[in-house]
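Raw contents of coords-v2.tsv, TSV, C-alpha atoms:
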```
chain	number	residue	atom	x	y	z
A	1	MET	CA	67.13	-52.22	-37.26
A	2	SER	CA	70.79	-51.74	-38.22
A	3	ALA	CA	73.46	-49.98	-36.15
A	4	LEU	CA	73.90	-46.33	-37.04
A	5	LEU	CA	76.54	-45.53	-34.42
A	6	ARG	CA	79.24	-47.74	-32.88
A	7	VAL	CA	81.61	-46.47	-30.21
A	8	ASP	CA	84.58	-48.51	-28.93
A	9	GLY	CA	86.94	-47.54	-26.13
A	10	LEU	CA	86.19	-43.81	-26.42
A	11	THR	CA	88.33	-41.79	-24.01
A	12	VAL	CA	88.44	-38.03	-23.40
A	13	ARG	CA	90.85	-36.43	-20.94
A	14	TYR	CA	91.51	-32.77	-20.15
A	15	PRO	CA	95.18	-32.13	-19.26
A	16	LEU	CA	95.76	-29.86	-16.27
A	17	SER	CA	98.37	-27.13	-16.02
A	18	ARG	CA	101.43	-28.05	-13.97
A	19	GLY	CA	102.71	-25.96	-11.11
A	20	LEU	CA	106.36	-24.95	-10.77
A	21	GLY	CA	106.95	-27.67	-8.19
A	22	GLU	CA	105.56	-30.35	-10.48
A	23	ILE	CA	107.67	-29.10	-13.39
A	24	LEU	CA	110.88	-29.07	-11.32
A	25	SER	CA	110.20	-32.52	-9.90
A	26	GLY	CA	109.39	-33.96	-13.32
A	27	ALA	CA	105.96	-35.13	-12.17
A	28	PRO	CA	103.73	-36.32	-15.02
A	29	ARG	CA	100.97	-33.99	-16.15
A	30	ARG	CA	97.67	-34.82	-14.48
A	31	ALA	CA	94.41	-34.94	-16.39
A	32	ILE	CA	90.69	-34.94	-15.74
A	33	ARG	CA	89.27	-38.28	-16.83
A	34	ALA	CA	86.04	-37.07	-18.37
A	35	VAL	CA	85.23	-40.16	-20.48
A	36	GLU	CA	86.96	-43.54	-20.00
A	37	GLN	CA	86.77	-46.54	-22.33
A	38	VAL	CA	83.15	-46.08	-23.38
A	39	ASP	CA	81.54	-48.67	-25.66
A	40	LEU	CA	78.10	-47.98	-27.14
A	41	THR	CA	75.94	-49.12	-30.02
A	42	LEU	CA	72.96	-47.14	-31.29
A	43	GLU	CA	70.44	-48.64	-33.70
A	44	ARG	CA	68.62	-46.67	-36.37
A	45	GLY	CA	65.41	-45.13	-35.05
A	46	GLU	CA	66.38	-45.81	-31.45
A	47	THR	CA	66.45	-43.34	-28.57
A	48	LEU	CA	69.15	-43.95	-25.97
A	49	GLY	CA	68.94	-42.21	-22.60
A	50	LEU	CA	72.28	-41.26	-21.04
A	51	VAL	CA	71.95	-40.70	-17.28
A	52	GLY	CA	74.11	-40.10	-14.23
A	53	GLU	CA	75.05	-37.48	-11.65
A	54	SER	CA	76.26	-34.05	-12.67
A	55	GLY	CA	79.91	-34.15	-13.71
A	56	CYS	CA	79.91	-37.84	-14.67
A	57	GLY	CA	80.87	-37.09	-18.29
A	58	LYS	CA	77.50	-37.26	-20.07
A	59	SER	CA	77.83	-33.95	-21.92
A	60	THR	CA	81.49	-34.56	-22.77
A	61	LEU	CA	80.56	-37.93	-24.27
A	62	GLY	CA	77.76	-36.36	-26.32
A	63	ARG	CA	80.05	-33.64	-27.64
A	64	ALA	CA	82.84	-36.13	-28.40
A	65	LEU	CA	80.48	-38.27	-30.49
A	66	LEU	CA	79.91	-35.27	-32.79
A	67	ARG	CA	83.56	-34.18	-32.69
A	68	LEU	CA	82.76	-30.99	-30.84
A	69	THR	CA	85.26	-32.23	-28.24
A	70	ALA	CA	88.46	-34.03	-29.22
A	71	ALA	CA	88.82	-37.69	-28.28
A	72	ASP	CA	92.12	-39.02	-26.92
A	73	ALA	CA	91.54	-42.67	-27.76
A	74	GLY	CA	88.97	-45.07	-29.14
A	75	SER	CA	86.85	-45.12	-32.27
A	76	ILE	CA	83.51	-43.73	-33.46
A	77	ARG	CA	81.86	-45.22	-36.52
A	78	PHE	CA	78.78	-43.55	-38.00
A	79	ASP	CA	77.03	-45.57	-40.69
A	80	GLY	CA	80.30	-47.44	-41.17
A	81	ALA	CA	82.49	-44.33	-41.56
A	82	ASP	CA	85.35	-43.54	-39.14
A	83	VAL	CA	84.21	-40.22	-37.63
A	84	LEU	CA	87.60	-39.43	-36.07
A	85	ALA	CA	89.28	-39.64	-39.50
A	86	LEU	CA	86.89	-37.25	-41.27
A	87	ASP	CA	88.07	-33.82	-42.39
A	88	GLY	CA	87.06	-31.03	-44.74
A	89	ARG	CA	83.97	-31.79	-46.80
A	90	GLN	CA	83.60	-35.23	-45.24
A	91	LEU	CA	83.32	-33.69	-41.78
A	92	LEU	CA	80.84	-31.09	-43.05
A	93	ALA	CA	78.74	-33.88	-44.58
A	94	PHE	CA	78.81	-35.76	-41.25
A	95	ARG	CA	77.61	-32.67	-39.40
A	96	ARG	CA	74.63	-32.49	-41.73
A	97	ARG	CA	73.69	-35.99	-40.63
A	98	ALA	CA	74.38	-35.58	-36.90
A	99	GLN	CA	73.27	-32.55	-34.90
A	100	MET	CA	73.23	-31.41	-31.27
A	101	ILE	CA	70.65	-29.54	-29.21
A	102	PHE	CA	72.36	-27.75	-26.33
A	103	GLN	CA	71.35	-27.36	-22.71
A	104	ASP	CA	71.09	-23.56	-22.52
A	105	PRO	CA	68.51	-22.42	-25.08
A	106	PHE	CA	69.67	-18.78	-24.88
A	107	ALA	CA	73.43	-19.32	-25.00
A	108	SER	CA	73.15	-21.68	-27.97
A	109	LEU	CA	71.75	-18.92	-30.21
A	110	ASN	CA	73.48	-15.82	-31.60
A	111	PRO	CA	71.86	-12.92	-29.69
A	112	ARG	CA	72.30	-10.60	-32.70
A	113	LYS	CA	70.47	-12.80	-35.18
A	114	THR	CA	66.71	-13.08	-35.58
A	115	VAL	CA	64.96	-16.43	-35.73
A	116	GLY	CA	64.71	-16.15	-39.50
A	117	ALA	CA	68.39	-15.21	-39.91
A	118	THR	CA	69.48	-18.09	-37.65
A	119	LEU	CA	67.63	-20.66	-39.72
A	120	ALA	CA	68.60	-19.06	-43.04
A	121	GLU	CA	72.30	-19.23	-42.09
A	122	VAL	CA	72.13	-23.01	-41.58
A	123	LEU	CA	70.32	-23.53	-44.88
A	124	ARG	CA	72.90	-21.43	-46.75
A	125	VAL	CA	76.05	-22.85	-45.13
A	126	HIS	CA	74.99	-26.45	-45.76
A	127	ARG	CA	73.42	-25.63	-49.15
A	128	ILE	CA	70.19	-27.36	-48.20
A	129	CYS	CA	68.08	-25.62	-50.80
A	130	PRO	CA	68.30	-22.91	-53.49
A	131	THR	CA	68.34	-19.33	-52.23
A	132	ALA	CA	64.86	-18.71	-53.68
A	133	GLU	CA	63.44	-21.51	-51.49
A	134	ILE	CA	65.01	-20.48	-48.16
A	135	ASP	CA	62.05	-18.36	-47.07
A	136	ARG	CA	59.59	-21.19	-47.72
A	137	ARG	CA	61.84	-23.68	-45.91
A	138	ILE	CA	62.04	-21.41	-42.85
A	139	THR	CA	58.25	-21.22	-42.75
A	140	ARG	CA	58.04	-25.00	-42.87
A	141	LEU	CA	60.64	-25.48	-40.11
A	142	MET	CA	58.86	-23.06	-37.79
A	143	ASP	CA	55.58	-24.87	-38.39
A	144	ILE	CA	57.17	-28.24	-37.63
A	145	VAL	CA	58.44	-27.15	-34.20
A	146	GLY	CA	55.36	-25.08	-33.35
A	147	LEU	CA	56.82	-21.58	-33.60
A	148	PRO	CA	54.38	-18.80	-34.63
A	149	GLN	CA	55.46	-17.09	-37.84
A	150	GLU	CA	55.33	-13.66	-36.21
A	151	LEU	CA	58.45	-14.62	-34.21
A	152	ARG	CA	60.59	-14.78	-37.34
A	153	GLY	CA	61.90	-11.24	-36.89
A	154	ARG	CA	62.64	-11.53	-33.17
A	155	ARG	CA	66.02	-12.05	-31.52
A	156	PRO	CA	66.62	-14.57	-28.69
A	157	GLY	CA	66.32	-11.89	-26.00
A	158	ALA	CA	62.68	-11.36	-27.01
A	159	LEU	CA	61.81	-15.06	-26.81
A	160	SER	CA	60.93	-17.34	-23.92
A	161	GLY	CA	63.12	-20.30	-22.98
A	162	GLY	CA	60.73	-22.73	-24.63
A	163	GLN	CA	60.66	-20.67	-27.82
A	164	CYS	CA	64.48	-20.52	-27.90
A	165	GLN	CA	64.66	-24.28	-27.49
A	166	ARG	CA	62.23	-24.71	-30.39
A	167	VAL	CA	64.49	-22.49	-32.50
A	168	GLY	CA	67.43	-24.71	-31.54
A	169	LEU	CA	65.45	-27.77	-32.55
A	170	ALA	CA	64.40	-26.17	-35.85
A	171	ARG	CA	68.04	-25.30	-36.55
A	172	ALA	CA	69.05	-28.92	-35.93
A	173	LEU	CA	66.24	-30.26	-38.13
A	174	ALA	CA	67.05	-27.81	-40.94
A	175	VAL	CA	69.82	-30.06	-42.29
A	176	GLY	CA	67.71	-33.23	-42.22
A	177	PRO	CA	69.80	-35.11	-39.62
A	178	GLU	CA	69.68	-38.83	-38.94
A	179	LEU	CA	71.10	-38.49	-35.41
A	180	ILE	CA	70.32	-35.86	-32.79
A	181	VAL	CA	72.19	-35.57	-29.48
A	182	SER	CA	70.01	-33.71	-26.99
A	183	ASP	CA	72.08	-32.44	-24.06
A	184	GLU	CA	69.79	-31.68	-21.09
A	185	SER	CA	67.65	-29.77	-23.57
A	186	VAL	CA	64.63	-29.42	-21.28
A	187	SER	CA	66.34	-29.04	-17.88
A	188	ALA	CA	66.36	-25.22	-17.99
A	189	LEU	CA	62.66	-24.97	-18.82
A	190	ASP	CA	59.53	-24.75	-16.67
A	191	VAL	CA	57.75	-28.07	-16.12
A	192	SER	CA	54.81	-27.18	-18.37
A	193	ILE	CA	57.17	-26.11	-21.17
A	194	GLN	CA	59.24	-29.26	-20.64
A	195	ALA	CA	56.15	-31.36	-21.35
A	196	GLN	CA	55.50	-29.46	-24.58
A	197	ILE	CA	59.08	-29.93	-25.81
A	198	LEU	CA	59.11	-33.62	-24.86
A	199	ASN	CA	55.83	-34.21	-26.69
A	200	LEU	CA	57.36	-32.44	-29.70
A	201	PHE	CA	60.41	-34.72	-29.51
A	202	MET	CA	58.20	-37.80	-29.45
A	203	ARG	CA	56.14	-36.64	-32.41
A	204	LEU	CA	59.20	-35.76	-34.49
A	205	LYS	CA	60.88	-39.07	-33.61
A	206	SER	CA	57.91	-40.94	-34.98
A	207	GLU	CA	57.33	-38.78	-38.05
A	208	MET	CA	60.98	-38.40	-39.09
A	209	ASN	CA	62.40	-41.71	-37.79
A	210	LEU	CA	65.10	-39.83	-35.89
A	211	THR	CA	67.81	-41.60	-33.93
A	212	MET	CA	68.49	-39.80	-30.63
A	213	ILE	CA	70.82	-39.74	-27.68
A	214	PHE	CA	68.92	-38.04	-24.87
A	215	ILE	CA	71.23	-36.82	-22.10
A	216	SER	CA	69.38	-36.10	-18.87
A	217	HIS	CA	69.49	-36.35	-15.09
A	218	ASP	CA	65.68	-36.67	-14.99
A	219	LEU	CA	65.00	-40.40	-14.89
A	220	GLY	CA	61.24	-39.90	-15.25
A	221	VAL	CA	61.73	-38.13	-18.57
A	222	VAL	CA	64.17	-40.80	-19.76
A	223	ARG	CA	61.72	-43.58	-18.93
A	224	HIS	CA	59.01	-41.80	-20.90
A	225	LEU	CA	61.10	-41.08	-23.98
A	226	CYS	CA	63.85	-43.69	-24.43
A	227	HIS	CA	64.08	-47.26	-25.70
A	228	ARG	CA	67.32	-48.01	-23.85
A	229	VAL	CA	69.25	-46.44	-20.97
A	230	ALA	CA	73.01	-46.15	-20.39
A	231	VAL	CA	74.11	-45.23	-16.86
A	232	MET	CA	77.39	-43.31	-16.46
A	233	TYR	CA	79.54	-42.99	-13.38
A	234	LEU	CA	82.78	-41.03	-13.35
A	235	GLY	CA	83.28	-41.26	-17.10
A	236	ARG	CA	82.37	-44.93	-17.55
A	237	ILE	CA	79.22	-46.75	-18.62
A	238	VAL	CA	78.33	-49.01	-15.69
A	239	GLU	CA	75.02	-50.41	-16.98
A	240	VAL	CA	73.08	-50.38	-20.22
A	241	GLY	CA	69.86	-52.10	-21.21
A	242	ALA	CA	66.22	-51.79	-22.22
A	243	THR	CA	64.51	-48.96	-20.35
A	244	GLU	CA	61.82	-51.01	-18.65
A	245	GLU	CA	64.33	-53.67	-17.63
A	246	ILE	CA	66.66	-51.09	-16.10
A	247	PHE	CA	63.80	-49.56	-14.12
A	248	ALA	CA	62.26	-52.89	-13.11
A	249	ALA	CA	65.46	-54.79	-12.23
A	250	PRO	CA	68.54	-52.54	-11.95
A	251	ARG	CA	71.70	-54.55	-11.41
A	252	HIS	CA	74.55	-52.16	-10.70
A	253	PRO	CA	74.45	-50.78	-7.12
A	254	TYR	CA	74.81	-47.25	-8.53
A	255	THR	CA	71.80	-47.71	-10.84
A	256	GLN	CA	69.82	-49.04	-7.89
A	257	ALA	CA	70.75	-45.96	-5.85
A	258	LEU	CA	69.79	-43.58	-8.67
A	259	LEU	CA	66.35	-45.16	-8.95
A	260	LYS	CA	65.82	-44.99	-5.19
A	261	ALA	CA	66.48	-41.24	-5.42
A	262	ILE	CA	63.49	-40.64	-7.72
A	263	PRO	CA	60.90	-38.59	-5.75
A	264	GLN	CA	57.75	-40.58	-4.93
A	265	MET	CA	54.46	-38.78	-5.54
A	266	ALA	CA	52.30	-41.12	-3.43
A	267	PRO	CA	50.73	-39.27	-0.46
A	268	ASP	CA	51.97	-41.92	2.00
A	269	ALA	CA	55.53	-41.98	0.61
A	270	THR	CA	58.25	-41.33	3.20
A	271	LEU	CA	61.68	-39.83	2.74
A	272	SER	CA	64.47	-42.37	3.07
A	273	ALA	CA	68.11	-41.88	3.88
A	274	ALA	CA	70.35	-40.63	1.08
A	275	PRO	CA	70.41	-43.54	-1.41
A	276	VAL	CA	73.98	-42.74	-2.54
A	277	ALA	CA	76.45	-42.23	0.30
A	278	GLY	CA	79.25	-39.69	0.11
A	279	GLU	CA	80.48	-37.76	-2.91
A	280	PRO	CA	81.95	-38.96	-6.22
A	281	PRO	CA	85.77	-39.22	-6.22
A	282	SER	CA	87.73	-36.59	-8.08
A	283	PRO	CA	88.08	-37.33	-11.82
A	284	ILE	CA	91.71	-36.24	-11.39
A	285	ALA	CA	92.42	-39.04	-8.88
A	286	VAL	CA	90.10	-41.93	-9.74
A	287	PRO	CA	90.43	-44.76	-7.19
A	288	PRO	CA	91.79	-48.12	-8.40
A	289	GLY	CA	89.38	-50.88	-9.33
A	290	CYS	CA	85.73	-49.94	-9.57
A	291	ALA	CA	85.45	-46.16	-9.13
A	292	TYR	CA	82.15	-46.63	-7.28
A	293	HIS	CA	83.58	-48.88	-4.54
A	294	PRO	CA	84.13	-46.08	-1.93
A	295	ARG	CA	80.35	-45.45	-1.97
A	296	CYS	CA	79.11	-48.98	-2.64
A	297	PRO	CA	77.46	-50.92	0.23
A	298	GLN	CA	78.25	-54.21	-1.57
A	299	ALA	CA	81.93	-53.54	-2.27
A	300	MET	CA	84.28	-56.49	-1.88
A	301	PRO	CA	88.09	-56.88	-2.16
A	302	ALA	CA	87.98	-57.42	-5.93
A	303	CYS	CA	86.31	-54.01	-6.33
A	304	ARG	CA	89.17	-52.14	-4.64
A	305	SER	CA	92.12	-53.10	-6.80
A	306	GLY	CA	93.14	-53.91	-10.34
A	307	ALA	CA	91.35	-52.64	-13.43
A	308	ALA	CA	87.81	-51.32	-13.47
A	309	PRO	CA	85.30	-54.03	-14.41
A	310	GLY	CA	84.12	-53.95	-18.01
A	311	LEU	CA	80.56	-54.40	-19.23
A	312	ARG	CA	79.39	-57.99	-19.02
A	313	PRO	CA	76.15	-59.52	-20.34
A	314	ALA	CA	73.45	-59.94	-17.71
A	315	GLU	CA	70.38	-61.35	-19.49
A	316	THR	CA	69.37	-58.62	-21.98
A	317	ALA	CA	71.34	-55.87	-20.20
A	318	SER	CA	75.08	-55.33	-19.65
A	319	VAL	CA	76.62	-54.34	-16.33
A	320	ALA	CA	80.14	-53.38	-15.21
A	321	CYS	CA	80.17	-54.91	-11.74
A	322	HIS	CA	82.07	-57.73	-9.99
A	323	LEU	CA	78.78	-58.91	-8.46
A	324	TYR	CA	78.04	-60.38	-11.86
A	325	GLY	CA	80.98	-62.57	-12.72
A	326	GLY	CA	79.64	-64.24	-15.83
A	327	THR	CA	76.66	-65.99	-17.34
A	328	HIS	CA	75.40	-69.52	-17.67
A	329	GLY	CA	72.88	-69.44	-20.49
A	330	ASP	CA	70.54	-66.62	-19.58
A	331	ALA	CA	71.00	-67.01	-15.83
A	332	ILE	CA	73.12	-64.44	-14.03
A	333	VAL	CA	75.94	-65.93	-11.96
A	334	ARG	CA	76.21	-63.68	-8.91
A	335	VAL	CA	79.58	-63.55	-7.11
A	336	GLU	CA	79.09	-63.59	-3.34
A	337	ALA	CA	80.72	-60.78	-1.39
A	338	LEU	CA	83.83	-61.85	0.51
A	339	ASP	CA	83.47	-59.40	3.37
```
Same coordinates, now as C-alpha cells:
Amino acid sequence: MSALLRVDGLTVRYPLSRGLGEILSGAPRRAIRAVEQVDLTLERGETLGLVGESGCGKSTLGRALLRLTAADAGSIRFDGADVLALDGRQLLAFRRRAQMIFQDPFASLNPRKTVGATLAEVLRVHRICPTAEIDRRITRLMDIVGLPQELRGRRPGALSGGQCQRVGLARALAVGPELIVSDESVSALDVSIQAQILNLFMRLKSEMNLTMIFISHDLGVVRHLCHRVAVMYLGRIVEVGATEEIFAAPRHPYTQALLKAIPQMAPDATLSAAPVAGEPPSPIAVPPGCAYHPRCPQAMPACRSGAAPGLRPAETASVACHLYGGTHGDAIVRVEALD
C-alpha cells in the first residue's frame, strides 16, 4: 500500500467575539481549539476509525481534511498534492476524488429535490458522464446502494433515515471517489438499519477499494469496520494503531478509559464506576501540559506543565503520553510516576 493522505501539524481554531471590556483592555482574542497539531497518514484501501468523546474535534478534523472547514496551520497532502493550496478547477478535481457522508441523513439532502434530481445534479456539475447517460447512471447508483427504483421521484421527507443515508452514499459514490470521510453516518439510525448500512460500507470498500475515515463514538462499530484507530482528546490525537492492538492493549489512560466504558453484554457483567472521571476541560482554556491530566489517575508532574506530549512509537502503535518516554528496540520504556 502507498500513502494516499498525509496530514502534518493540522490546526483549526474558531476565534471568539470579544466583549467591550476585553477590547478596552487590549486582551488578545480567545479561540476555541478544535484541532491541535494533528499528524495522520492514511494508506490506500485502508479504513481509519476516528474516535473520542463528543466535542473532541473529530468532525472538525474530517471537514478540515476536505477543506469544508478552513485550517489555521499545518499541511494536508492528498496523493502528493498540497490540498490547502488548491483552488478553482484543481479544488473541484480534488472534491471529485474525496467525498464526505454527513451525520444527519435528512439535513444533508435538499428537501426540494427528488432522489433522481439529487444524483443528477452531482453527475452534471462534475461532468461525470454525457447528459444522455445520466438516467442510466442514476439507476446503477441506486442499485449499488440498495435503493428501490420506485424511490427515484421521492423527496427526502418521504424517505426513511436509512434510505436518506443511502442517497447520501450514492451521491458520494457518483463521482467515483478514492477517499470517503464518513462523519457519524450511522449514529442517527435504528440499530437494525445501522447494521444494513455498515454491511453496505464493508461490501463497497471491498468491491471499490475505497479508502475511508470513519468518524464514530461507537467503538464496537469501529472495531468491526476499521483497520486502524486514532483516538482524539480535546483536539489532539493521543493514540493511533492497529485496531486489534488498540483494543487488546490500549496504552494511553484515556484510551483505556474509553474501552472500559463499552457496555458488556454478558449476563453476569456488573456496572463499574465511571471509567473517565470529571468533564473535559474547555477548549477555550486548555490546561498546560497534557490536556488529559486533570482526569488522569496516572498523572505525574511532567504531565501538568510544559508542552503537550507528542506521539511517540510504542511497538506498532503511537501514543502521546509521558508514561511512555521512549523505546529500546521494540520494548516500551515506561516512565515511573513520581507521585
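Take the candidates A:Gly278, A:Gly157, A:Gly62, A:Cys290 and check each one against A:Thr114 using only C-alpha atoms; the shortest distance goes to A:Gly157.
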Q. Quick one: of A:Val38, A:Leu123, A:Val319, A:Ala93, who's nearest to A:Ala249, counting all atoms listed in the file?
A.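 When distances to A:Ala249 are compared using all atoms listed in the file, the smallest one comes from A:Val319.
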Q: Could you check how far atom CA of A:Pro288 sits from atom CA of A:Ser305, in Å to one decimal?
A: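 According to the coordinates, atom CA of A:Pro288 and atom CA of A:Ser305 are separated by 5.2 Å.
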Q.
Rounded to one decimal, what separation in Å do you get between atom CA of A:Leu323 and atom CA of A:Pro287?
A. 18.4 Å
**Q.** Nearest candidate to A:Leu159 (options A:Val125, A:Val115, A:Ala70, A:Arg97; using only C-alpha atoms)
**A.** A:Val115
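Around A:Pro283, within 9 Å and counting all atoms listed in the file, the residues found are Ala31, Ile32, Arg33, Ala34, Gly55, Cys56, Leu234 and Gly235 of chain A, once anything fewer than 6 positions away on its own chain is removed.
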Contacts of A:Gly220 at 12 Å (all atoms listed in the file; same-chain gap of 2+ positions) as a short mmCIF file (atom, residue, chain, number, x, y, z; two decimals) with C-alpha atoms, in the frame of the given file:
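Saved the output as around-v7.cif:
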```cif
data_model
loop_
_atom_site.label_atom_id
_atom_site.label_comp_id
_atom_site.auth_asym_id
_atom_site.auth_seq_id
_atom_site.Cartn_x
_atom_site.Cartn_y
_atom_site.Cartn_z
CA GLY A 49 68.94 -42.21 -22.60
CA VAL A 51 71.95 -40.70 -17.28
CA ALA A 195 56.15 -31.36 -21.35
CA LEU A 198 59.11 -33.62 -24.86
CA SER A 216 69.38 -36.10 -18.87
CA HIS A 217 69.49 -36.35 -15.09
CA ASP A 218 65.68 -36.67 -14.99
CA VAL A 222 64.17 -40.80 -19.76
CA ARG A 223 61.72 -43.58 -18.93
CA HIS A 224 59.01 -41.80 -20.90
CA LEU A 225 61.10 -41.08 -23.98
CA CYS A 226 63.85 -43.69 -24.43
CA VAL A 229 69.25 -46.44 -20.97
CA THR A 243 64.51 -48.96 -20.35
CA GLU A 244 61.82 -51.01 -18.65
CA PHE A 247 63.80 -49.56 -14.12
CA LEU A 258 69.79 -43.58 -8.67
CA LEU A 259 66.35 -45.16 -8.95
CA ALA A 261 66.48 -41.24 -5.42
CA ILE A 262 63.49 -40.64 -7.72
CA PRO A 263 60.90 -38.59 -5.75
CA GLN A 264 57.75 -40.58 -4.93
CA MET A 265 54.46 -38.78 -5.54
#
```
Q) Which value, in Å to one decimal, gives the distance between atom CA of A:Gln37 and atom CA of A:Ser185? A) 25.5 Å
Q: Just the residues within 7 Å of A:Ala170, please, counting all atoms listed in the file, with nothing from its chain fewer than 2 positions along; format it as a list of chain:residue names.
A: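 In the requested form, the answer reads A:Leu141, A:Met142, A:Val145, A:Arg166, A:Val167, A:Gly168, A:Ala172, A:Leu173, A:Ala174.
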Q | Proximity to A:Val181 - best of A:Ala98, A:Ala307, A:Ala302, A:Ile197, all atoms listed in the file | A |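 The shortest atom-to-atom distance to A:Val181 comes from A:Ala98.
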